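**Student:** Here you go, one structure.
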Amino acid sequence: VLAGTQRRAATRAERRKAGVAVCAGPTVLEGTGGPFPEDCWDPAGLTKGKDDETLRYYRAAELKHGRVAMLACLGWFHQAAGWHPIGDAAVRSTISDDPLIAAQQLPLAGWLQVLFTIMSLEWLTTFVCKPPEDQPWDVLGVSDLIADEEYPEWKDNKMRELNNGRLAMVGIIGLIAQDAYTGEYFGQIKNICALRMFANDGNPVCEVELFKYGGSYEWPMIYPEAPFSMPV
């Protein structure tokens with residue numbers, strides 16, 4: 001029975017490798033092809049026939065888009081949660097919790113500031129503070145602090161960034177498409193509260209107004225109240 005189980009497990013592993021378009025990989029992407037370190041996920045065959053410089057450029061572009069997408073998801077969630085003091089200050093009112101509607105409510109001057117910031121960052125990383133040629137995605141110079149690029153934990157962290165960036169790119173596209181098509185922007189996120197992780201009253205909805213200025217707070221009852229009081 002054990003031998004049969006091992007054979008079936010080995011067969012499933014071979015099928016997984018065949019289905020995920022695993023390749024021996026280009027050497028320059030070895031260990032960081034994803035979704036696992038030993039894989040090179042390339043279903044479209046974009047790495048075939050490309051030199052190392054082109055592959056580094058592709059990886060830098062993928063990581064840049066992934067990083068932007070992760071920030072976009074974070075911005076979407078805090079907007080949908082109802083906390084947008086900068087946007088409120090820009091319009092001198094209260095903008096919508098729906099990120100797509102809020103984008104339309106933002107004045108032209110606000111969009112110009114966003115575009116100017118993006119152009120400034122692109123200019124800095126292209127002409128002033130150029131990343132290393134062998135690692136064009138390292139715009140902050142983190143590689144200079146790493147003694148061994150082959151250190152397993154460091155390679156795992158790079159793999160996590162790549163996978164999370166890929167997930168974020170798909171996620172922000174899904175959020176925008178869902179909001180544009182149905183008007184549902186995941187407003188339920190405002191009902192999620194980290195303090196509820198420590199409350200045992202069975203109420204999943206957050207009632208703590210963390211961003212309310214002044215007034216009293218109704219903190220959740222973390223421990224049951226004792227039926228007696230200590231003498232003073």
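Order determines the names: the first chain of the structure tokens is A, the second B, and so forth; residues in each chain are numbered 1 upward, and ligands are numbered 1 upward as they are shown.
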Excluding Trp154 of chain A and any residue of its chain fewer than 3 positions from it, enumerate the residues within 12 Å of it, using only C-alpha atoms, and give them as a VMD selection string.
**Tutor:** chain A and resid 31 to 32 37 142 to 143 145 to 151 157 to 161
**Student:** Save out the residues we just selected, N, CA and C atoms, as a PDB file, in the first residue's frame.
**Tutor:**
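So the final result, stored in selection_14.pdb, reads:
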ATOM      1  N   GLY A  31      16.107  29.990  -9.777  1.00  0.00           N
ATOM      2  CA  GLY A  31      15.756  30.119  -8.371  1.00  0.00           C
ATOM      3  C   GLY A  31      14.701  31.164  -8.074  1.00  0.00           C
ATOM      4  N   THR A  32      14.353  31.988  -9.079  1.00  0.00           N
ATOM      5  CA  THR A  32      13.336  33.018  -8.849  1.00  0.00           C
ATOM      6  C   THR A  32      12.340  33.069 -10.005  1.00  0.00           C
ATOM      7  N   PRO A  37      10.650  28.097  -6.082  1.00  0.00           N
ATOM      8  CA  PRO A  37      12.036  28.382  -6.478  1.00  0.00           C
ATOM      9  C   PRO A  37      12.578  27.463  -7.562  1.00  0.00           C
ATOM     10  N   VAL A 142      19.320  47.643  -2.297  1.00  0.00           N
ATOM     11  CA  VAL A 142      19.303  46.671  -1.198  1.00  0.00           C
ATOM     12  C   VAL A 142      20.363  45.596  -1.401  1.00  0.00           C
ATOM     13  N   SER A 143      20.678  45.278  -2.650  1.00  0.00           N
ATOM     14  CA  SER A 143      21.647  44.212  -2.916  1.00  0.00           C
ATOM     15  C   SER A 143      23.022  44.519  -2.334  1.00  0.00           C
ATOM     16  N   LEU A 145      23.603  45.498   0.535  1.00  0.00           N
ATOM     17  CA  LEU A 145      23.595  45.105   1.943  1.00  0.00           C
ATOM     18  C   LEU A 145      23.577  43.592   2.123  1.00  0.00           C
ATOM     19  N   ILE A 146      23.451  42.851   1.023  1.00  0.00           N
ATOM     20  CA  ILE A 146      23.357  41.394   1.093  1.00  0.00           C
ATOM     21  C   ILE A 146      24.728  40.797   0.785  1.00  0.00           C
ATOM     22  N   ALA A 147      25.267  40.077   1.746  1.00  0.00           N
ATOM     23  CA  ALA A 147      26.598  39.492   1.566  1.00  0.00           C
ATOM     24  C   ALA A 147      26.580  38.326   0.592  1.00  0.00           C
ATOM     25  N   ASP A 148      25.510  37.520   0.617  1.00  0.00           N
ATOM     26  CA  ASP A 148      25.438  36.331  -0.225  1.00  0.00           C
ATOM     27  C   ASP A 148      24.087  36.308  -0.930  1.00  0.00           C
ATOM     28  N   GLU A 149      24.088  36.550  -2.250  1.00  0.00           N
ATOM     29  CA  GLU A 149      22.845  36.561  -3.014  1.00  0.00           C
ATOM     30  C   GLU A 149      22.210  35.170  -3.098  1.00  0.00           C
ATOM     31  N   GLU A 150      22.997  34.121  -2.817  1.00  0.00           N
ATOM     32  CA  GLU A 150      22.477  32.766  -2.872  1.00  0.00           C
ATOM     33  C   GLU A 150      21.945  32.288  -1.531  1.00  0.00           C
ATOM     34  N   TYR A 151      21.920  33.172  -0.546  1.00  0.00           N
ATOM     35  CA  TYR A 151      21.415  32.802   0.775  1.00  0.00           C
ATOM     36  C   TYR A 151      19.951  32.369   0.647  1.00  0.00           C
ATOM     37  N   ASN A 157      12.646  35.319   0.129  1.00  0.00           N
ATOM     38  CA  ASN A 157      11.992  36.627   0.236  1.00  0.00           C
ATOM     39  C   ASN A 157      11.775  37.250  -1.136  1.00  0.00           C
ATOM     40  N   LYS A 158      12.740  37.108  -2.034  1.00  0.00           N
ATOM     41  CA  LYS A 158      12.564  37.626  -3.385  1.00  0.00           C
ATOM     42  C   LYS A 158      11.444  36.882  -4.108  1.00  0.00           C
ATOM     43  N   MET A 159      11.334  35.581  -3.840  1.00  0.00           N
ATOM     44  CA  MET A 159      10.282  34.792  -4.458  1.00  0.00           C
ATOM     45  C   MET A 159       8.904  35.217  -3.940  1.00  0.00           C
ATOM     46  N   ARG A 160       8.840  35.535  -2.648  1.00  0.00           N
ATOM     47  CA  ARG A 160       7.575  35.997  -2.075  1.00  0.00           C
ATOM     48  C   ARG A 160       7.155  37.325  -2.690  1.00  0.00           C
ATOM     49  N   GLU A 161       8.119  38.236  -2.871  1.00  0.00           N
ATOM     50  CA  GLU A 161       7.770  39.529  -3.473  1.00  0.00           C
ATOM     51  C   GLU A 161       7.228  39.334  -4.883  1.00  0.00           C
TER      52      GLU A 161
END
**Student:** List the spatial neighbours of Tyr185 of chain A as a PyMOL selection string - criterion: any atom at most 8 Å away, only C-alpha atoms, same-chain residues fewer than 6 positions off excluded.
**Tutor:** chain A and resi 80+98-99+175-176+178-179
**Student:** So which one's closest to Ala61 of chain A, A:Gly187, A:Pro136, A:Pro152, A:Gly171? Using only C-alpha atoms, please.
**Tutor:** A:Pro136
